[in-house]
Every structure is written in structure tokens, then in C-alpha cells.
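Next comes run-v1.tsv, with TSV, C-alpha atoms.
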```tsv
chain	number	residue	atom	x	y	z
B	1	MET	CA	197.91	221.67	161.92
B	2	VAL	CA	195.10	223.34	163.81
B	3	VAL	CA	192.13	224.36	161.80
B	4	GLY	CA	190.55	226.63	164.38
B	5	LYS	CA	188.91	226.94	167.75
B	6	ASN	CA	185.99	224.77	166.86
B	7	GLY	CA	187.64	222.92	163.97
B	8	ALA	CA	186.72	219.28	163.49
B	9	ASN	CA	190.06	218.24	162.01
B	10	GLN	CA	192.75	218.83	164.63
B	11	GLN	CA	195.89	216.74	164.20
B	12	GLU	CA	198.02	218.34	166.98
B	13	GLU	CA	197.43	219.38	170.54
B	14	SER	CA	195.75	222.69	171.25
B	15	VAL	CA	195.32	224.74	174.40
B	16	TYR	CA	191.62	225.00	173.64
B	17	ASN	CA	191.19	221.28	174.25
B	18	LEU	CA	192.58	221.49	177.82
B	19	ILE	CA	189.49	223.24	179.19
B	20	PRO	CA	186.63	220.77	179.70
B	21	ARG	CA	183.42	221.77	177.95
B	22	THR	CA	179.82	220.89	178.68
B	23	GLN	CA	177.78	219.53	175.85
B	24	TYR	CA	174.78	221.76	175.21
B	25	GLN	CA	171.69	220.04	173.89
B	26	ALA	CA	168.84	222.22	172.69
B	27	PRO	CA	165.49	221.36	174.30
B	28	LYS	CA	162.86	219.88	172.02
B	29	PRO	CA	159.77	222.00	171.50
B	30	ALA	CA	156.52	220.78	172.90
B	31	ARG	CA	154.57	218.47	170.61
B	32	TYR	CA	151.55	220.07	168.98
B	33	ASP	CA	148.32	218.69	170.30
B	34	SER	CA	145.12	219.95	168.66
B	35	LYS	CA	142.19	220.77	170.90
B	36	PHE	CA	139.82	219.38	168.26
B	37	LYS	CA	141.39	215.93	168.25
B	38	SER	CA	138.63	214.27	170.24
B	39	THR	CA	135.90	215.91	168.15
B	40	VAL	CA	137.48	214.78	164.88
B	41	ARG	CA	137.99	211.26	166.20
B	42	ASP	CA	134.36	210.95	167.35
B	43	SER	CA	132.94	212.33	164.11
B	44	SER	CA	135.17	210.04	162.04
B	45	GLN	CA	134.07	206.99	163.99
B	46	ASN	CA	130.39	207.91	163.82
B	47	ARG	CA	130.44	208.33	160.04
B	48	LYS	CA	132.11	205.04	159.22
B	49	TYR	CA	129.99	202.60	157.24
B	50	GLU	CA	131.28	199.05	157.25
B	51	HIS	CA	130.92	196.87	154.15
B	52	ARG	CA	128.84	199.54	152.43
B	53	THR	CA	129.77	198.80	148.84
B	54	MET	CA	132.41	196.03	148.77
B	55	GLY	CA	130.93	193.65	151.36
B	56	TYR	CA	132.58	192.38	154.51
B	57	ALA	CA	136.31	192.82	154.85
B	58	GLU	CA	136.41	189.25	156.15
B	59	GLU	CA	133.46	186.94	155.72
B	60	PRO	CA	132.16	186.05	159.22
B	61	LEU	CA	132.10	182.34	159.86
B	62	PRO	CA	128.85	180.78	161.08
B	63	ASP	CA	128.63	179.72	164.68
B	64	PRO	CA	128.87	175.91	164.95
B	65	GLN	CA	126.22	175.96	167.67
B	66	GLN	CA	123.73	177.75	165.42
B	67	PHE	CA	123.42	174.99	162.82
B	68	LEU	CA	120.49	174.77	160.41
B	69	LYS	CA	117.65	172.86	161.96
B	70	LYS	CA	114.69	171.14	160.47
B	71	ASN	CA	111.66	173.21	159.39
B	72	THR	CA	113.54	176.49	159.78
B	73	SER	CA	113.44	179.25	157.22
B	74	ASP	CA	115.53	182.34	156.67
B	75	ASN	CA	112.56	184.30	155.35
B	76	LYS	CA	112.38	187.46	157.42
B	77	ALA	CA	108.76	188.12	156.54
B	78	ALA	CA	107.70	184.65	157.63
B	79	THR	CA	109.70	184.94	160.83
B	80	ALA	CA	108.21	188.33	161.59
B	81	ALA	CA	104.71	187.08	160.85
B	82	ALA	CA	105.21	184.05	163.04
B	83	SER	CA	106.30	186.23	165.96
B	84	ILE	CA	103.04	188.22	165.86
B	85	PRO	CA	99.99	186.64	167.50
B	86	LYS	CA	97.38	185.37	165.05
B	87	ASP	CA	94.65	187.41	166.66
B	88	THR	CA	96.41	190.69	165.83
B	89	ILE	CA	97.07	189.81	162.15
B	90	SER	CA	94.46	191.21	159.77
B	91	TYR	CA	93.52	189.77	156.41
B	92	LYS	CA	95.53	192.45	154.57
B	93	ASP	CA	98.68	191.72	156.60
B	94	ARG	CA	98.78	188.06	155.65
B	95	LEU	CA	101.24	186.89	153.04
B	96	PRO	CA	99.71	186.31	149.59
B	97	ARG	CA	99.31	182.67	148.69
B	98	LYS	CA	100.54	181.23	145.44
B	99	ALA	CA	98.27	179.60	142.92
B	100	PRO	CA	97.60	175.93	143.66
B	101	VAL	CA	99.45	173.25	141.70
B	102	PRO	CA	97.27	171.87	138.90
B	103	ASN	CA	95.93	168.39	139.37
B	104	ILE	CA	97.39	165.53	137.36
B	105	ARG	CA	93.93	164.73	135.99
B	106	ASP	CA	93.39	168.28	134.68
B	107	ALA	CA	94.01	168.13	130.94
B	108	PRO	CA	95.46	171.30	129.37
B	109	LYS	CA	93.35	173.29	126.96
B	110	MET	CA	94.31	172.13	123.48
B	111	GLY	CA	93.76	173.78	120.12
B	112	ALA	CA	93.54	177.37	121.42
B	113	ARG	CA	94.83	179.85	118.86
B	114	THR	CA	95.05	183.61	118.60
B	115	GLU	CA	95.22	186.00	115.67
B	116	LYS	CA	97.69	188.28	117.42
B	117	ASN	CA	101.03	188.73	115.69
B	118	PHE	CA	103.46	188.86	118.58
B	119	VAL	CA	106.49	189.62	116.39
B	120	GLN	CA	104.86	192.67	114.82
B	121	THR	CA	103.44	193.80	118.16
B	122	ASN	CA	106.82	193.60	119.84
B	123	ALA	CA	108.49	195.46	116.96
B	124	LEU	CA	105.89	198.26	117.14
B	125	ASP	CA	106.29	198.50	120.90
B	126	VAL	CA	110.04	198.88	120.56
B	127	VAL	CA	109.74	201.53	117.82
B	128	MET	CA	106.98	203.55	119.50
B	129	THR	CA	108.42	203.40	123.01
B	130	VAL	CA	109.77	206.73	124.20
B	131	PRO	CA	113.27	206.30	125.63
B	132	LYS	CA	113.63	207.16	129.27
B	133	LYS	CA	115.66	210.26	129.90
B	134	PRO	CA	118.55	209.87	132.30
B	135	GLU	CA	118.13	211.53	135.65
B	136	ARG	CA	120.31	214.57	136.35
B	137	ASN	CA	121.74	213.79	139.77
B	138	ILE	CA	124.61	215.17	141.79
B	139	VAL	CA	126.85	213.32	144.24
B	140	ASP	CA	128.36	215.44	146.98
B	141	ALA	CA	129.40	212.86	149.57
B	142	ARG	CA	132.14	210.29	149.63
B	143	HIS	CA	129.61	207.58	150.47
B	144	GLY	CA	127.81	207.96	147.15
B	145	ASP	CA	124.72	209.83	148.33
B	146	LYS	CA	122.97	211.48	145.39
B	147	TYR	CA	119.94	213.69	144.84
B	148	PRO	CA	118.37	215.51	141.86
B	149	ILE	CA	120.28	218.59	140.76
B	150	ASP	CA	117.28	220.39	139.18
B	151	THR	CA	115.48	220.87	142.50
B	152	SER	CA	118.64	221.49	144.54
B	153	GLY	CA	118.98	225.17	143.65
B	154	LEU	CA	122.57	224.76	142.42
B	155	THR	CA	121.70	225.39	138.76
B	156	PRO	CA	120.09	228.62	137.50
B	157	LYS	CA	116.65	228.42	135.91
B	158	TYR	CA	115.84	230.58	132.89
B	159	ASN	CA	112.26	231.27	131.80
B	160	PHE	CA	112.72	231.89	128.08
B	161	GLY	CA	109.96	233.88	126.39
B	162	GLU	CA	108.67	235.39	129.64
B	163	VAL	CA	109.12	239.08	130.38
B	164	PRO	CA	110.95	239.62	133.69
B	165	VAL	CA	109.08	241.21	136.55
B	166	TYR	CA	111.39	244.22	136.82
B	167	ILE	CA	110.76	245.13	133.16
B	168	LYS	CA	106.99	244.95	133.72
B	169	ASN	CA	107.31	247.22	136.74
B	170	ARG	CA	109.49	249.65	134.79
B	171	ARG	CA	107.00	249.83	131.94
B	172	ALA	CA	104.16	250.43	134.37
B	173	ASP	CA	106.13	253.25	136.03
B	174	MET	CA	106.92	254.83	132.64
B	175	ASP	CA	103.27	254.69	131.55
B	176	LYS	CA	102.18	256.18	134.85
B	177	ALA	CA	104.75	259.00	134.59
B	178	LYS	CA	103.72	259.71	130.98
B	179	GLN	CA	100.05	259.86	131.95
B	180	GLU	CA	100.79	262.17	134.85
B	181	TYR	CA	102.85	264.43	132.57
B	182	GLU	CA	100.08	264.60	129.98
B	183	THR	CA	97.57	265.44	132.70
B	184	TYR	CA	99.84	268.16	134.05
B	185	VAL	CA	100.44	269.67	130.59
B	186	SER	CA	96.75	269.65	129.71
B	187	ASP	CA	95.88	271.36	132.99
B	188	TYR	CA	98.67	273.90	132.53
B	189	PHE	CA	97.63	274.88	129.01
B	190	ARG	CA	93.96	274.86	129.97
B	191	ARG	CA	94.71	277.48	132.59
B	192	GLY	CA	96.72	279.50	130.04
B	193	ALA	CA	93.90	279.37	127.45
B	194	MET	CA	95.92	277.29	124.95
B	195	ARG	CA	94.65	274.59	122.66
B	196	GLU	CA	96.18	271.69	120.79
B	197	MET	CA	96.63	272.00	117.04
B	198	ASN	CA	94.82	269.28	115.13
B	199	ASP	CA	96.39	267.26	112.29
B	200	ASP	CA	94.49	268.96	109.47
B	201	GLU	CA	95.50	272.43	110.61
B	202	ARG	CA	99.13	271.35	111.07
B	203	GLN	CA	99.25	269.77	107.61
B	204	THR	CA	97.72	272.89	106.03
B	205	ILE	CA	100.37	275.09	107.61
B	206	ILE	CA	103.14	272.73	106.45
B	207	ASP	CA	101.83	272.79	102.87
B	208	GLY	CA	101.67	276.60	102.93
B	209	LEU	CA	105.23	276.88	104.21
B	210	LYS	CA	106.49	274.50	101.52
B	211	LYS	CA	104.68	276.49	98.83
B	212	GLN	CA	106.26	279.72	100.17
B	213	TRP	CA	109.69	278.06	100.23
B	214	GLU	CA	109.30	277.02	96.60
B	215	ASP	CA	108.47	280.62	95.62
B	216	VAL	CA	111.49	281.99	97.45
B	217	HIS	CA	113.68	279.27	95.99
B	218	HIS	CA	112.44	280.06	92.47
B	219	GLU	CA	113.26	283.72	93.00
B	220	PHE	CA	116.71	282.74	94.32
B	221	GLN	CA	117.42	280.72	91.18
B	222	THR	CA	116.57	283.67	88.95
B	223	LEU	CA	119.41	285.76	90.36
B	224	SER	CA	122.31	286.61	88.13
B	225	VAL	CA	125.41	284.49	88.30
B	226	ILE	CA	127.70	287.46	88.88
B	227	ILE	CA	127.02	289.40	92.07
B	228	ASP	CA	128.96	292.58	91.43
B	229	THR	CA	126.90	295.17	93.31
B	230	ILE	CA	125.90	295.65	96.91
B	231	PRO	CA	122.12	295.53	96.31
B	232	LYS	CA	122.48	292.17	94.51
B	233	ARG	CA	124.50	290.76	97.40
B	234	LEU	CA	121.98	292.01	99.99
B	235	HIS	CA	119.06	290.61	98.00
B	236	LYS	CA	120.76	287.21	97.77
B	237	GLU	CA	121.47	287.13	101.52
B	238	ARG	CA	117.83	288.06	102.31
B	239	LEU	CA	116.52	285.19	100.18
B	240	GLU	CA	118.91	282.70	101.80
B	241	HIS	CA	117.83	283.86	105.26
B	242	GLU	CA	114.13	283.46	104.37
B	243	MET	CA	114.69	279.91	103.04
B	244	LYS	CA	116.53	278.92	106.25
B	245	LEU	CA	113.70	280.24	108.41
B	246	LEU	CA	111.09	278.40	106.31
B	247	GLU	CA	113.07	275.16	106.47
B	248	LYS	CA	113.38	275.49	110.26
B	249	ASP	CA	109.61	276.01	110.66
B	250	ILE	CA	108.79	273.08	108.39
B	251	ASP	CA	111.18	270.81	110.31
B	252	LEU	CA	109.64	271.91	113.62
B	253	LEU	CA	106.08	271.14	112.51
B	254	GLU	CA	106.99	267.77	110.97
B	255	LYS	CA	109.05	266.61	113.96
B	256	HIS	CA	106.47	267.35	116.70
B	257	GLN	CA	103.09	265.73	116.44
B	258	VAL	CA	101.54	267.58	119.42
B	259	ILE	CA	101.66	271.39	119.23
B	260	TYR	CA	99.84	273.83	121.52
B	261	ILE	CA	98.92	277.30	120.35
B	262	ALA	CA	97.41	280.32	122.09
B	263	ASP	CA	94.10	281.63	120.81
```
Could you quickly redo this structure as C-alpha cells?
Amino acid sequence: MVVGKNGANQQEESVYNLIPRTQYQAPKPARYDSKFKSTVRDSSQNRKYEHRTMGYAEEPLPDPQQFLKKNTSDNKAATAAASIPKDTISYKDRLPRKAPVPNIRDAPKMGARTEKNFVQTNALDVVMTVPKKPERNIVDARHGDKYPIDTSGLTPKYNFGEVPVYIKNRRADMDKAKQEYETYVSDYFRRGAMREMNDDERQTIIDGLKKQWEDVHHEFQTLSVIIDTIPKRLHKERLEHEMKLLEKDIDLLEKHQVIYIAD
């Protein structure tokens, strides 16, 4: 049975197998090599910090030749001070000396007492002490470097109770525009020989219009219920029209506080 030309399972001879074939092997693509490889390697090596938090990976063994000798000290300050000539060391640069050991013949002061209540004092100090607020820090590096977040500019700052600057500027512009408009209107009406109506005159006119409206309204209420003739209908329409005009004038005078009139 022959499966096919390129069949894998061929149990009988086939004419296709008589022709020798060359094995074709596809070439491998070139390996990708980044041009930033050297830069990344150098930066990674420069930023490495050995035994930064967990100590040495392997504790270094001391050199057998550098054994501890007599009268040697591992104090860095003493070693640094010893390396500097004595003439160049000032009085302030010298290491502070400890208090001398008391003499064996010096008897301690006996019988000294104090009236201070240390228990009460300590309790008051604990109660009255203001707890320290935790610092608000931010860590943005993998090595644990931190810095205050309030002064970093990453958090917005809100000034509650303070009017923003743009609102102050807008109010100033509105006041300036209003003042300019009032100046323009006053100049315009001054040239046209117009004057502003005062409050007393305006209130007198309003009272007179209301009194006239009441008279017209009283006359309107005295009309007959049945309007069966043309004169009655015309009289009723005239009264309604007069009341509408009076109401319009009253509303106009009450709504506007500043009114200019021509003499």
C-alpha cells in the first residue's frame, strides 16, 4: 500500500523512491543582537549595591597576617586623629574626655532627698506629650530611597477658604466694566438732557398708578353679570385693557431701580 508521493508509511516499493533526493534544510535566521546591550550592561553594573540591606553574601575571613596586635584599636576617630599631626589639631577637634573615675576615699553624699514625685511627673509627661505624626514619604526606587511626598509636587495642594486668583481678577474686570458702563450712560444722558428719577418720585408714581388701578378695578366689578349688548362688551374690554396697561407700568417701575426721564 502506498499512501502517496510524500507519504511516511510506505510498505511497498514505489517509483518515487528510485530518484535520489537532496535533503533541504532551512537556514536559521540571524540571532537578534541589541545595539543597546553594552549600555544596559554598564548601567546595570554601575547601579549594583553589594550587601546593602542583607549584609555580605559570604562573610569575608580575616587575613591571618593581619592579626590583632597589642595597643591597637578599631576606633576610626582615634585612628584618624592619630594620623593628623598634633600641631594641626585645634582644641575643638580633640575628642571629648570622659569624667574621671571617683577616688576610693571620696565618700558618696548621704541623706540627700528631694520632694519631686517622679511617678506623677512621668505620668503627666506621658499624658501631655503630643504624639509624633508619621512622615508622609514616598519610595520610588528599588534600593529603598525615600523622600517627603508633600514637597515633591506629586500631590495637589488645596487652599481651602481662600478665593482663587482667577475669581478675583474676574470680579475686578466686572466691577471695572460696570463702572465704565455707568460712566458712559451718565455721559450719554447728560448730553441728551435727561435726569435720573429719585426714589421718592418713583414711589409717588407707583402709588398713583395703584390707586388708579383700584378705581378701574372697582368700576370693572360693578359691571352686570350678563353682557348682552355691544356697548356693555366694549366697555368691559376697555376696562380690561386699562388694567393691563396699569399693571405693566407698575411692574416696570418696581422692577427697575434706576430710571432716566427727559425734562
Point-to-point distance in Å for atom CA of Gln257 of chain B and atom CA of Met197 of chain B: 9.0 Å
Would you pick out the contacts of Thr155 of chain B at 12 Å or less, using all atoms listed in the file, so that residues sharing its chain but fewer than 3 positions from it are not included, and give the list as a short mmCIF file (atom, residue, chain, number, x, y, z; two decimals) with C-alpha atoms, in the frame of the given file?
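This is the output file part-v9.cif:
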```cif
data_model
loop_
_atom_site.label_atom_id
_atom_site.label_comp_id
_atom_site.auth_asym_id
_atom_site.auth_seq_id
_atom_site.Cartn_x
_atom_site.Cartn_y
_atom_site.Cartn_z
CA ARG B 136 120.31 214.57 136.35
CA ASN B 137 121.74 213.79 139.77
CA ILE B 138 124.61 215.17 141.79
CA PRO B 148 118.37 215.51 141.86
CA ILE B 149 120.28 218.59 140.76
CA ASP B 150 117.28 220.39 139.18
CA THR B 151 115.48 220.87 142.50
CA SER B 152 118.64 221.49 144.54
CA TYR B 158 115.84 230.58 132.89
#
```
Selection: 12 Å around Ser224 of chain B, all atoms listed in the file, excl. self and same-chain fewer than 5 positions, as an MDAnalysis selection string: chainID B and resid 219 229 232:233 235:236
Using the file's own x, y and z axes, what box holds all listed atoms of segment 28-34 of chain B with 6 Å on each side, keeping edges along x, y and z, and what are its centre and edge lengths in Å to one decimal, as AutoDock Vina command-line options?
```
--center_x 154.0 --center_y 220.2 --center_z 170.8 --size_x 29.7 --size_y 15.5 --size_z 16.2
```
